[in-house]
>>> print(open('start.pdb').read())   # PDB, C-alpha atoms
ATOM      1  CA  MET A   5      38.067 -20.745  28.112
ATOM      2  CA  ALA A   6      36.359 -24.089  27.411
ATOM      3  CA  SER A   7      33.135 -23.977  25.472
ATOM      4  CA  LYS A   8      29.943 -24.544  27.358
ATOM      5  CA  PRO A   9      27.459 -27.015  25.868
ATOM      6  CA  ILE A  10      24.672 -25.542  23.791
ATOM      7  CA  ALA A  11      21.398 -26.596  25.322
ATOM      8  CA  ALA A  12      18.744 -28.157  23.109
ATOM      9  CA  ASP A  13      15.783 -26.738  24.990
ATOM     10  CA  SER A  14      12.586 -28.728  24.560
ATOM     11  CA  ALA A  15      10.752 -25.428  24.226
ATOM     12  CA  ALA A  16      12.515 -24.931  20.885
ATOM     13  CA  VAL A  17      10.188 -27.474  19.312
ATOM     14  CA  ARG A  18       6.837 -25.717  19.278
ATOM     15  CA  HIS A  19       3.483 -26.219  17.636
ATOM     16  CA  ARG A  20       4.143 -26.201  13.875
ATOM     17  CA  GLU A  21       2.313 -23.357  12.187
ATOM     18  CA  PHE A  22       0.900 -23.636   8.676
ATOM     19  CA  PRO A  23       1.547 -20.410   6.689
ATOM     20  CA  LEU A  24      -1.610 -20.631   4.604
ATOM     21  CA  PHE A  25      -1.887 -16.848   4.334
ATOM     22  CA  PHE A  26       1.701 -16.641   3.080
ATOM     23  CA  PHE A  27       1.273 -19.274   0.377
ATOM     24  CA  GLY A  28      -2.159 -17.890  -0.468
ATOM     25  CA  THR A  29      -0.552 -14.494  -1.038
ATOM     26  CA  LEU A  30       2.045 -16.054  -3.328
ATOM     27  CA  LEU A  31      -0.675 -17.826  -5.351
ATOM     28  CA  LEU A  32      -2.738 -14.654  -5.603
ATOM     29  CA  THR A  33       0.316 -12.686  -6.721
ATOM     30  CA  ALA A  34       1.141 -15.342  -9.325
ATOM     31  CA  GLY A  35      -2.443 -15.313 -10.604
ATOM     32  CA  LEU A  36      -2.486 -11.531 -10.904
ATOM     33  CA  GLY A  37       0.853 -11.658 -12.689
ATOM     34  CA  ILE A  38      -0.544 -14.144 -15.212
ATOM     35  CA  TYR A  39      -3.678 -12.036 -15.658
ATOM     36  CA  PHE A  40      -1.818  -8.805 -16.379
ATOM     37  CA  THR A  41       0.573 -10.677 -18.672
ATOM     38  CA  GLY A  42      -2.510 -11.766 -20.626
ATOM     39  CA  ILE A  43      -3.812  -8.195 -20.734
ATOM     40  CA  PHE A  44      -0.515  -6.820 -22.053
ATOM     41  CA  PHE A  45      -0.290  -9.659 -24.547
ATOM     42  CA  SER A  46      -3.782  -8.876 -25.831
ATOM     43  CA  VAL A  47      -2.747  -5.248 -26.467
ATOM     44  CA  PHE A  48       0.194  -6.335 -28.607
ATOM     45  CA  ARG A  49      -1.951  -8.989 -30.313
ATOM     46  CA  LEU A  50      -4.543  -6.393 -31.331
ATOM     47  CA  LEU A  51      -1.910  -3.884 -32.437
ATOM     48  CA  LEU A  52      -0.194  -6.498 -34.577
ATOM     49  CA  ARG A  53      -3.538  -7.985 -35.696
ATOM     50  CA  LEU A  54      -2.504 -11.500 -34.746
ATOM     51  CA  GLY A  55      -5.110 -14.175 -35.270
ATOM     52  CA  GLU A  56      -5.093 -17.811 -34.267
ATOM     53  CA  PRO A  57      -3.552 -19.502 -32.371
ATOM     54  CA  PHE A  58      -2.555 -16.319 -30.492
ATOM     55  CA  ARG A  59      -6.135 -15.363 -29.757
ATOM     56  CA  THR A  60      -6.854 -18.726 -28.110
ATOM     57  CA  TRP A  61      -3.617 -18.616 -26.150
ATOM     58  CA  ASN A  62      -4.520 -15.132 -24.958
ATOM     59  CA  GLU A  63      -7.966 -16.265 -23.789
ATOM     60  CA  TYR A  64      -6.513 -19.228 -21.906
ATOM     61  CA  LEU A  65      -3.941 -16.990 -20.224
ATOM     62  CA  VAL A  66      -6.576 -14.541 -18.942
ATOM     63  CA  TRP A  67      -9.170 -17.166 -18.099
ATOM     64  CA  TYR A  68      -6.940 -19.577 -16.199
ATOM     65  CA  SER A  69      -5.271 -16.794 -14.221
ATOM     66  CA  GLY A  70      -8.337 -17.044 -12.019
ATOM     67  CA  VAL A  71      -7.315 -20.502 -10.781
ATOM     68  CA  PRO A  72      -4.297 -19.457  -8.637
ATOM     69  CA  CYS A  73      -6.182 -16.294  -7.633
ATOM     70  CA  THR A  74      -9.150 -18.315  -6.373
ATOM     71  CA  PHE A  75      -7.041 -20.855  -4.522
ATOM     72  CA  GLY A  76      -4.883 -18.096  -3.080
ATOM     73  CA  LEU A  77      -7.876 -16.181  -1.748
ATOM     74  CA  ALA A  78      -9.313 -19.396  -0.305
ATOM     75  CA  LEU A  79      -6.067 -20.112   1.589
ATOM     76  CA  MET A  80      -5.835 -16.533   2.873
ATOM     77  CA  LEU A  81      -9.426 -16.481   4.111
ATOM     78  CA  SER A  82      -9.034 -19.931   5.700
ATOM     79  CA  ASP A  83      -5.999 -18.761   7.616
ATOM     80  CA  LEU A  84      -7.716 -15.594   8.822
ATOM     81  CA  ALA A  85     -10.887 -17.408   9.827
ATOM     82  CA  PHE A  86      -9.574 -20.634  11.351
ATOM     83  CA  LEU A  87      -5.840 -20.487  12.093
ATOM     84  CA  LEU A  88      -4.945 -16.901  12.992
ATOM     85  CA  PRO A  89      -6.694 -16.845  16.410
ATOM     86  CA  GLY A  90      -4.765 -19.949  17.483
ATOM     87  CA  LYS A  91      -1.477 -18.591  16.154
ATOM     88  CA  ARG A  92      -1.892 -15.342  18.069
ATOM     89  CA  ARG A  93      -2.871 -17.206  21.239
ATOM     90  CA  ARG A  94       0.120 -19.565  21.050
ATOM     91  CA  SER A  95       2.525 -16.699  20.383
ATOM     92  CA  ARG A  96       1.528 -15.233  23.753
ATOM     93  CA  ARG A  97       1.416 -18.496  25.658
ATOM     94  CA  GLU A  98       4.836 -18.105  27.275
ATOM     95  CA  GLU A  99       5.605 -14.689  28.715
ATOM     96  CA  PRO A 100       9.339 -13.868  28.748
ATOM     97  CA  GLN A 101      10.845 -13.791  32.196
ATOM     98  CA  PRO A 102      12.333 -10.470  33.351
ATOM     99  CA  VAL A 103      16.037 -10.108  32.658
ATOM    100  CA  THR A 104      17.944 -10.378  35.920
ATOM    101  CA  SER A 105      21.192  -8.811  34.664
ATOM    102  CA  ARG A 106      21.352  -5.909  32.195
ATOM    103  CA  GLN A 107      25.041  -6.427  31.448
ATOM    104  CA  VAL A 108      25.559  -7.078  27.739
ATOM    105  CA  ALA A 109      28.166  -9.016  25.786
ATOM    106  CA  VAL A 110      28.680  -7.284  22.433
ATOM    107  CA  VAL A 111      29.911  -9.355  19.486
ATOM    108  CA  LEU A 112      31.073  -7.526  16.366
ATOM    109  CA  THR A 113      31.511  -9.084  12.939
ATOM    110  CA  ALA A 114      34.505  -7.728  11.036
ATOM    111  CA  TYR A 115      35.984  -8.155   7.576
ATOM    112  CA  ASN A 116      38.657  -5.725   6.378
ATOM    113  CA  ASP A 117      37.393  -3.104   8.842
ATOM    114  CA  GLU A 118      40.750  -1.677   9.929
ATOM    115  CA  LEU A 119      39.498   1.888   9.419
ATOM    116  CA  SER A 120      36.485   1.515  11.719
ATOM    117  CA  ILE A 121      36.911  -1.364  14.137
ATOM    118  CA  ALA A 122      38.889   0.507  16.811
ATOM    119  CA  ALA A 123      36.267   3.253  16.998
ATOM    120  CA  ALA A 124      33.463   0.669  17.111
ATOM    121  CA  VAL A 125      35.144  -1.239  19.950
ATOM    122  CA  ALA A 126      35.806   1.971  21.908
ATOM    123  CA  ASP A 127      32.206   3.084  21.394
ATOM    124  CA  PHE A 128      30.731  -0.105  22.824
ATOM    125  CA  ARG A 129      33.320  -0.484  25.586
ATOM    126  CA  GLY A 130      32.388   2.984  26.783
ATOM    127  CA  HIS A 131      28.739   2.060  27.306
ATOM    128  CA  PRO A 132      27.933   1.329  30.984
ATOM    129  CA  ALA A 133      25.822  -1.741  30.140
ATOM    130  CA  VAL A 134      28.585  -3.465  28.138
ATOM    131  CA  GLY A 135      30.753  -5.944  29.995
ATOM    132  CA  TRP A 136      32.522  -7.635  27.079
ATOM    133  CA  VAL A 137      33.335  -6.748  23.476
ATOM    134  CA  ILE A 138      34.280  -9.663  21.217
ATOM    135  CA  VAL A 139      35.376  -9.132  17.614
ATOM    136  CA  VAL A 140      35.206 -12.050  15.195
ATOM    137  CA  ASP A 141      37.563 -11.370  12.304
ATOM    138  CA  ASN A 142      36.429 -13.254   9.198
ATOM    139  CA  ASN A 143      39.789 -13.600   7.405
ATOM    140  CA  SER A 144      40.562  -9.899   7.079
ATOM    141  CA  ARG A 145      43.541  -9.066   4.880
ATOM    142  CA  ASP A 146      44.313  -5.798   6.663
ATOM    143  CA  GLY A 147      45.058  -4.846  10.274
ATOM    144  CA  THR A 148      41.522  -5.397  11.603
ATOM    145  CA  SER A 149      42.520  -7.885  14.318
ATOM    146  CA  GLU A 150      45.408  -5.803  15.602
ATOM    147  CA  ALA A 151      43.334  -2.616  15.677
ATOM    148  CA  ALA A 152      40.510  -4.355  17.562
ATOM    149  CA  ARG A 153      42.884  -5.931  20.050
ATOM    150  CA  ASN A 154      44.647  -2.619  20.693
ATOM    151  CA  ALA A 155      41.244  -1.027  21.345
ATOM    152  CA  GLY A 156      40.558  -3.568  24.103
ATOM    153  CA  ALA A 157      38.426  -6.225  22.401
ATOM    154  CA  ILE A 158      38.682  -9.990  22.674
ATOM    155  CA  VAL A 159      39.611 -10.993  19.113
ATOM    156  CA  VAL A 160      38.751 -14.329  17.524
ATOM    157  CA  LEU A 161      39.656 -15.421  13.989
ATOM    158  CA  GLU A 162      37.011 -17.276  11.969
ATOM    159  CA  THR A 163      38.849 -18.816   9.016
ATOM    160  CA  ARG A 164      35.784 -20.112   7.149
ATOM    161  CA  PRO A 165      34.529 -17.321   4.867
ATOM    162  CA  GLY A 166      30.943 -16.078   4.859
ATOM    163  CA  TYR A 167      28.779 -13.781   6.929
ATOM    164  CA  GLY A 168      26.747 -16.675   8.333
ATOM    165  CA  ARG A 169      29.903 -18.427   9.549
ATOM    166  CA  CYS A 170      31.040 -15.198  11.188
ATOM    167  CA  VAL A 171      27.742 -14.551  12.998
ATOM    168  CA  TYR A 172      27.489 -18.184  14.101
ATOM    169  CA  ARG A 173      30.985 -17.941  15.574
ATOM    170  CA  CYS A 174      30.034 -14.653  17.270
ATOM    171  CA  PHE A 175      27.198 -16.337  19.130
ATOM    172  CA  LYS A 176      29.288 -19.386  20.076
ATOM    173  CA  GLU A 177      32.077 -17.207  21.441
ATOM    174  CA  ALA A 178      29.615 -15.109  23.450
ATOM    175  CA  LEU A 179      28.144 -18.249  24.981
ATOM    176  CA  ALA A 180      31.539 -19.778  25.732
ATOM    177  CA  ASP A 181      33.560 -16.789  26.910
ATOM    178  CA  THR A 182      30.988 -14.827  28.906
ATOM    179  CA  ASP A 183      28.192 -15.469  31.359
ATOM    180  CA  ALA A 184      26.126 -12.592  29.998
ATOM    181  CA  GLU A 185      22.368 -13.064  29.961
ATOM    182  CA  LEU A 186      22.132 -10.635  27.029
ATOM    183  CA  ILE A 187      24.124 -10.735  23.780
ATOM    184  CA  ALA A 188      24.180  -7.876  21.259
ATOM    185  CA  LEU A 189      25.184  -8.615  17.665
ATOM    186  CA  CYS A 190      26.483  -5.746  15.558
ATOM    187  CA  GLU A 191      28.979  -4.883  12.814
ATOM    188  CA  GLY A 192      32.320  -3.204  13.266
ATOM    189  CA  ASP A 193      31.833  -0.607  10.517
ATOM    190  CA  MET A 194      30.281   2.169  12.662
ATOM    191  CA  THR A 195      26.894   2.019  10.901
ATOM    192  CA  PHE A 196      25.362   1.419  14.348
ATOM    193  CA  ARG A 197      26.263   2.962  17.691
ATOM    194  CA  SER A 198      26.230   1.847  21.314
ATOM    195  CA  LYS A 199      23.709   4.504  22.399
ATOM    196  CA  ASP A 200      20.959   2.512  20.673
ATOM    197  CA  LEU A 201      21.493  -0.277  23.195
ATOM    198  CA  GLU A 202      19.222   1.780  25.457
ATOM    199  CA  LYS A 203      16.386   1.294  22.971
ATOM    200  CA  LEU A 204      17.002  -2.434  22.616
ATOM    201  CA  LEU A 205      17.263  -2.902  26.383
ATOM    202  CA  ALA A 206      13.935  -1.126  26.878
ATOM    203  CA  TYR A 207      12.166  -3.906  24.940
ATOM    204  CA  ILE A 208      14.100  -6.998  26.041
ATOM    205  CA  ASP A 209      11.826  -7.774  29.023
ATOM    206  CA  HIS A 210       9.022  -8.279  26.479
ATOM    207  CA  ALA A 211      10.921 -10.374  23.940
ATOM    208  CA  ASP A 212      13.528 -13.054  23.365
ATOM    209  CA  ILE A 213      15.032 -11.085  20.480
ATOM    210  CA  VAL A 214      14.909  -7.328  19.867
ATOM    211  CA  ASN A 215      15.706  -6.707  16.204
ATOM    212  CA  GLY A 216      16.761  -3.231  15.155
ATOM    213  CA  THR A 217      15.013  -1.760  12.119
ATOM    214  CA  ARG A 218      16.538   0.853   9.818
ATOM    215  CA  ILE A 219      13.229   1.525   8.065
ATOM    216  CA  VAL A 220      12.576   4.822   9.800
ATOM    217  CA  GLU A 221      13.487   7.724   7.543
ATOM    218  CA  GLN A 222      14.034  10.197  10.389
ATOM    219  CA  LEU A 223      16.606   7.923  12.053
ATOM    220  CA  ARG A 224      18.972   7.338   9.164
ATOM    221  CA  GLU A 225      21.572   9.650   7.754
ATOM    222  CA  TYR A 226      20.965  11.131   4.322
ATOM    223  CA  SER A 227      23.889   9.289   2.717
ATOM    224  CA  THR A 228      24.288   5.626   3.664
ATOM    225  CA  GLN A 229      24.974   2.428   1.738
ATOM    226  CA  LEU A 230      21.256   1.636   1.943
ATOM    227  CA  SER A 231      19.934   2.912  -1.395
ATOM    228  CA  THR A 232      16.255   3.610  -2.088
ATOM    229  CA  PHE A 233      15.991   0.260  -3.891
ATOM    230  CA  MET A 234      17.521  -1.597  -0.931
ATOM    231  CA  TYR A 235      15.402   0.362   1.547
ATOM    232  CA  TYR A 236      12.085  -0.645  -0.011
ATOM    233  CA  GLY A 237      13.298  -4.089  -1.034
ATOM    234  CA  ASN A 238      14.168  -4.776   2.598
ATOM    235  CA  PHE A 239      10.726  -3.583   3.636
ATOM    236  CA  PHE A 240       9.084  -5.868   1.046
ATOM    237  CA  VAL A 241      10.948  -8.974   2.245
ATOM    238  CA  GLY A 242      10.146  -7.980   5.833
ATOM    239  CA  LYS A 243       6.454  -8.040   4.947
ATOM    240  CA  LEU A 244       6.849 -11.490   3.364
ATOM    241  CA  LEU A 245       8.382 -12.672   6.645
ATOM    242  CA  GLU A 246       5.433 -11.145   8.484
ATOM    243  CA  LEU A 247       2.926 -12.914   6.215
ATOM    244  CA  LYS A 248       4.734 -16.240   6.653
ATOM    245  CA  HIS A 249       4.513 -15.905  10.436
ATOM    246  CA  LEU A 250       1.163 -14.133  10.563
ATOM    247  CA  GLY A 251       0.153 -13.266  14.104
ATOM    248  CA  ARG A 252       3.740 -13.317  15.421
ATOM    249  CA  GLY A 253       4.618  -9.648  14.974
ATOM    250  CA  THR A 254       5.321  -6.761  12.610
ATOM    251  CA  PHE A 255       8.541  -6.839  10.586
ATOM    252  CA  THR A 256      10.062  -4.232   8.282
ATOM    253  CA  ASP A 257      13.798  -4.967   8.116
ATOM    254  CA  VAL A 258      15.266  -8.428   7.546
ATOM    255  CA  GLY A 259      18.796  -7.291   6.719
ATOM    256  CA  THR A 260      19.725  -5.343   9.822
ATOM    257  CA  THR A 261      22.789  -6.586  11.686
ATOM    258  CA  TYR A 262      22.037  -4.973  15.056
ATOM    259  CA  LYS A 263      20.030  -7.057  17.501
ATOM    260  CA  LEU A 264      19.841  -7.916  21.203
ATOM    261  CA  VAL A 265      19.234 -11.556  22.100
ATOM    262  CA  ARG A 266      18.711 -13.459  25.325
ATOM    263  CA  ARG A 267      21.278 -16.129  26.081
ATOM    264  CA  ARG A 268      18.685 -18.906  26.355
ATOM    265  CA  SER A 269      17.238 -17.911  23.012
ATOM    266  CA  ILE A 270      20.619 -18.293  21.313
ATOM    267  CA  GLU A 271      21.127 -21.653  22.974
ATOM    268  CA  ARG A 272      17.798 -22.828  21.558
ATOM    269  CA  LEU A 273      18.390 -21.332  18.115
ATOM    270  CA  LEU A 274      21.947 -22.398  17.265
ATOM    271  CA  PRO A 275      21.038 -26.017  16.384
ATOM    272  CA  ALA A 276      18.401 -24.723  13.930
ATOM    273  CA  LEU A 277      20.681 -22.244  12.133
ATOM    274  CA  ASN A 278      22.663 -22.975   8.978
ATOM    275  CA  PRO A 279      25.984 -21.090   9.157
ATOM    276  CA  GLY A 280      26.638 -21.901   5.487
ATOM    277  CA  ILE A 281      24.127 -19.207   4.513
ATOM    278  CA  ASN A 282      25.966 -16.039   3.620
ATOM    279  CA  LEU A 283      24.636 -12.511   3.113
ATOM    280  CA  GLU A 284      20.991 -13.483   3.641
ATOM    281  CA  PHE A 285      21.777 -14.975   7.058
ATOM    282  CA  ASN A 286      19.882 -12.318   9.029
ATOM    283  CA  ALA A 287      16.634 -13.148   7.221
ATOM    284  CA  HIS A 288      17.311 -16.844   7.864
ATOM    285  CA  PHE A 289      17.943 -16.079  11.539
ATOM    286  CA  LEU A 290      14.600 -14.274  11.941
ATOM    287  CA  ASP A 291      12.710 -16.954  10.012
ATOM    288  CA  MET A 292      14.138 -19.721  12.202
ATOM    289  CA  ALA A 293      13.570 -17.701  15.379
ATOM    290  CA  LEU A 294       9.887 -17.215  14.590
ATOM    291  CA  ALA A 295       9.483 -20.815  13.410
ATOM    292  CA  THR A 296      10.866 -22.171  16.684
ATOM    293  CA  GLY A 297       8.678 -19.961  18.852
ATOM    294  CA  GLU A 298      11.007 -17.136  19.878
ATOM    295  CA  ARG A 299       9.289 -13.839  20.592
ATOM    296  CA  VAL A 300      10.756 -11.192  18.258
ATOM    297  CA  VAL A 301      10.129  -7.456  18.612
ATOM    298  CA  GLU A 302      11.346  -4.739  16.235
ATOM    299  CA  CYS A 303      12.848  -1.507  17.510
ATOM    300  CA  PRO A 304      13.764   1.583  15.444
ATOM    301  CA  ILE A 305      17.489   2.330  15.514
ATOM    302  CA  THR A 306      19.706   5.038  14.063
ATOM    303  CA  PHE A 307      21.644   4.196  10.912
ATOM    304  CA  HIS A 308      24.875   5.937   9.967
ATOM    305  CA  ALA A 309      27.104   5.980   6.919
ATOM    306  CA  ARG A 310      29.688   3.259   7.250
ATOM    307  CA  VAL A 311      33.382   3.939   7.685
ATOM    308  CA  GLY A 312      35.305   2.258   4.881
ATOM    309  CA  VAL A 313      33.991   0.290   1.908
ATOM    310  CA  SER A 314      30.930  -1.978   2.001
ATOM    311  CA  LYS A 315      31.644  -5.670   1.399
ATOM    312  CA  GLY A 316      28.173  -7.141   1.983
ATOM    313  CA  GLY A 317      24.865  -7.033   0.161
ATOM    314  CA  ASN A 318      24.948  -3.222   0.011
ATOM    315  CA  VAL A 319      27.809  -3.009  -2.502
ATOM    316  CA  ASN A 320      25.374  -2.112  -5.288
ATOM    317  CA  ASP A 321      21.731  -2.587  -6.243
ATOM    318  CA  LEU A 322      22.449  -5.622  -8.440
ATOM    319  CA  ARG A 323      24.110  -7.522  -5.622
ATOM    320  CA  ALA A 324      21.330  -6.426  -3.268
ATOM    321  CA  LEU A 325      18.780  -7.808  -5.754
ATOM    322  CA  LYS A 326      20.536 -11.184  -5.792
ATOM    323  CA  VAL A 327      20.614 -11.298  -1.990
ATOM    324  CA  GLY A 328      16.942 -10.261  -1.826
ATOM    325  CA  LEU A 329      15.925 -12.986  -4.289
ATOM    326  CA  ARG A 330      17.789 -15.569  -2.215
ATOM    327  CA  MET A 331      15.961 -14.289   0.881
ATOM    328  CA  ILE A 332      12.606 -14.700  -0.882
ATOM    329  CA  ALA A 333      13.589 -18.178  -2.100
ATOM    330  CA  GLY A 334      14.628 -19.128   1.435
ATOM    331  CA  LEU A 335      11.328 -17.951   2.900
ATOM    332  CA  CYS A 336       9.342 -19.795   0.234
ATOM    333  CA  PHE A 337      11.279 -23.001  -0.385
ATOM    334  CA  GLY A 338      13.720 -23.441   2.486
ATOM    335  CA  TRP A 339      17.223 -22.166   3.159
ATOM    336  CA  GLN A 340      20.143 -23.496   1.147
ATOM    337  CA  LYS A 341      23.857 -22.893   1.560
ATOM    338  CA  SER A 342      25.037 -19.797  -0.335
ATOM    339  CA  HIS A 343      27.747 -19.968  -2.983
ATOM    340  CA  GLU A 344      28.575 -16.232  -2.921
TER
END
>>> encode(input="start.pdb", output="structure tokens")
Amino acid sequence: MASKPIAADSAAVRHREFPLFFFGTLLLTAGLGIYFTGIFFSVFRLLLRLGEPFRTWNEYLVWYSGVPCTFGLALMLSDLAFLLPGKRRRSRREEPQPVTSRQVAVVLTAYNDELSIAAAVADFRGHPAVGWVIVVDNNSRDGTSEAARNAGAIVVLETRPGYGRCVYRCFKEALADTDAELIALCEGDMTFRSKDLEKLLAYIDHADIVNGTRIVEQLREYSTQLSTFMYYGNFFVGKLLELKHLGRGTFTDVGTTYKLVRRRSIERLLPALNPGINLEFNAHFLDMALATGERVVECPITFHARVGVSKGGNVNDLRALKVGLRMIAGLCFGWQKSHE
């Protein structure tokens, strides 16, 4: 089927917000880090009985740590006092229109998911709200495509490697090959299930994007690929996202791959997204969505142990740390193409 043009909605260009609270928090954190470094240094200096010039250096370190702390507090208070009311008012300026059709197009990312993809496709195809299931195979070396096709999915091959490329292709295929007003993005590894669509659908009349969050202990299995380090690291980066877009919502999970999005929202967002971003793409997606004025709501979802072997940022804590640092760098300094 021929691709439909992606609309560049004028509403995508909104009032530019200044994240003073976010940058103030970073300055305050840097100042406190310098201060405590000076305190620890003074302990070692006294234990080792170090004189000059170490004593002077130590004094400068502690004294001048107050500079970023002071500026950071000033930015945070300025945002709270002068900018936050306007940000909150603008975030509520445009109420989402009710969804006229509850039929959902589900797009599943897949990479070497032969063991799970058929069950994932069957699970979503069996849900009464699902009209289409599209699987985007990102260069799998096993029988992922064949298994998905045999299970009844529309299968598309994305030859350019990278999670961002795969998700970007998922959205383009959903726009081109369906007329669904709602598009659900998920993975084909059985970590998420179709029954949680009911939760996402319950919130979609109040949002442009309903983002699933795994940060609810009671709703995740005991053994998953999300370690304790990843669990709290995800929460930390979610709070940085919240501080950057203060007044736009509450966010606890930037790495989740299960979300429900309105068609018009995707059409507005695609020109702003960088598909060259890899494992940190979901954080980039949320950052761009909030920056361009989309209304994002979080919804708790169940999280299961994956079927097969993890290939993403959850392989181990070291790789998760690298992905998390790239997420933080993207939020602070802008998003660059990944090389992993």
>>> resolve_selection(input="start.pdb", expression="the PyMOL selection byres ((chain A and resi 122) around 10)", output="ChimeraX atom specification")
/A:117-121,123-127,148-157,192-194
>>> residues_around(input="start.pdb", residues="segment 58-68 of chain A", least_positions_apart="5", cutoff="7 Å", atoms="only C-alpha atoms", output="number ranges by chain")
A: 38-39, 42, 45-46
>>> closest_residue(input="start.pdb", among="A:Leu30, A:Cys303, A:Leu244, A:Ala287", to="Arg218 of chain A", atoms="only C-alpha atoms")
A:Cys303
>>> resolve_selection(input="start.pdb", expression="the PyMOL selection byres ((chain A and resi 321) around 12)", output="number ranges by chain")
A: 229-238, 316-320, 322-328
>>> closest_residue(input="start.pdb", among="A:Lys243, A:His288, A:Arg299, A:Lys199", to="Val214 of chain A", atoms="all atoms listed in the file")
A:Arg299
>>> decode(input="start.pdb", residues="segment 169-175 of chain A", atoms="all heavy atoms", output="mmCIF file, in the first residue's frame")
data_model
loop_
_atom_site.group_PDB
_atom_site.id
_atom_site.type_symbol
_atom_site.label_atom_id
_atom_site.label_comp_id
_atom_site.auth_asym_id
_atom_site.auth_seq_id
_atom_site.Cartn_x
_atom_site.Cartn_y
_atom_site.Cartn_z
ATOM 1 N N ARG A 169 15.770 3.042 14.549
ATOM 2 C CA ARG A 169 15.352 2.794 13.158
ATOM 3 C C ARG A 169 14.124 1.876 13.127
ATOM 4 O O ARG A 169 13.199 2.075 12.338
ATOM 5 C CB ARG A 169 16.493 2.143 12.393
ATOM 6 C CG ARG A 169 17.759 2.959 12.296
ATOM 7 C CD ARG A 169 17.645 4.064 11.293
ATOM 8 N NE ARG A 169 18.915 4.760 11.125
ATOM 9 C CZ ARG A 169 19.040 5.914 10.489
ATOM 10 N NH1 ARG A 169 17.973 6.488 9.948
ATOM 11 N NH2 ARG A 169 20.208 6.498 10.394
ATOM 12 N N CYS A 170 14.145 0.863 13.995
ATOM 13 C CA CYS A 170 13.051 -0.102 14.009
ATOM 14 C C CYS A 170 11.744 0.544 14.465
ATOM 15 O O CYS A 170 10.690 0.343 13.851
ATOM 16 C CB CYS A 170 13.427 -1.273 14.921
ATOM 17 S SG CYS A 170 12.322 -2.692 14.810
ATOM 18 N N VAL A 171 11.796 1.336 15.538
ATOM 19 C CA VAL A 171 10.592 1.998 16.039
ATOM 20 C C VAL A 171 10.074 3.006 15.015
ATOM 21 O O VAL A 171 8.860 3.101 14.769
ATOM 22 C CB VAL A 171 10.877 2.692 17.384
ATOM 23 C CG1 VAL A 171 9.682 3.540 17.806
ATOM 24 C CG2 VAL A 171 11.183 1.661 18.457
ATOM 25 N N TYR A 172 10.990 3.764 14.427
ATOM 26 C CA TYR A 172 10.589 4.756 13.417
ATOM 27 C C TYR A 172 9.859 4.073 12.260
ATOM 28 O O TYR A 172 8.829 4.554 11.791
ATOM 29 C CB TYR A 172 11.834 5.483 12.915
ATOM 30 C CG TYR A 172 11.558 6.778 12.187
ATOM 31 C CD1 TYR A 172 11.392 7.968 12.884
ATOM 32 C CD2 TYR A 172 11.484 6.826 10.797
ATOM 33 C CE1 TYR A 172 11.163 9.167 12.229
ATOM 34 C CE2 TYR A 172 11.250 8.001 10.130
ATOM 35 C CZ TYR A 172 11.089 9.175 10.850
ATOM 36 O OH TYR A 172 10.842 10.360 10.191
ATOM 37 N N ARG A 173 10.375 2.930 11.838
ATOM 38 C CA ARG A 173 9.733 2.178 10.759
ATOM 39 C C ARG A 173 8.382 1.643 11.213
ATOM 40 O O ARG A 173 7.412 1.599 10.419
ATOM 41 C CB ARG A 173 10.644 1.029 10.323
ATOM 42 C CG ARG A 173 10.109 0.211 9.155
ATOM 43 C CD ARG A 173 10.061 1.023 7.861
ATOM 44 N NE ARG A 173 9.555 0.229 6.743
ATOM 45 C CZ ARG A 173 10.300 -0.567 5.989
ATOM 46 N NH1 ARG A 173 11.615 -0.682 6.227
ATOM 47 N NH2 ARG A 173 9.772 -1.230 4.998
ATOM 48 N N CYS A 174 8.286 1.237 12.483
ATOM 49 C CA CYS A 174 7.002 0.760 13.023
ATOM 50 C C CYS A 174 5.926 1.823 12.855
ATOM 51 O O CYS A 174 4.813 1.551 12.381
ATOM 52 C CB CYS A 174 7.146 0.414 14.508
ATOM 53 S SG CYS A 174 7.898 -1.183 14.864
ATOM 54 N N PHE A 175 6.249 3.040 13.249
ATOM 55 C CA PHE A 175 5.266 4.122 13.172
ATOM 56 C C PHE A 175 4.919 4.454 11.720
ATOM 57 O O PHE A 175 3.751 4.690 11.381
ATOM 58 C CB PHE A 175 5.794 5.365 13.879
ATOM 59 C CG PHE A 175 5.787 5.253 15.383
ATOM 60 C CD1 PHE A 175 6.853 5.728 16.135
ATOM 61 C CD2 PHE A 175 4.723 4.682 16.050
ATOM 62 C CE1 PHE A 175 6.844 5.626 17.523
ATOM 63 C CE2 PHE A 175 4.703 4.580 17.433
ATOM 64 C CZ PHE A 175 5.767 5.054 18.173
#
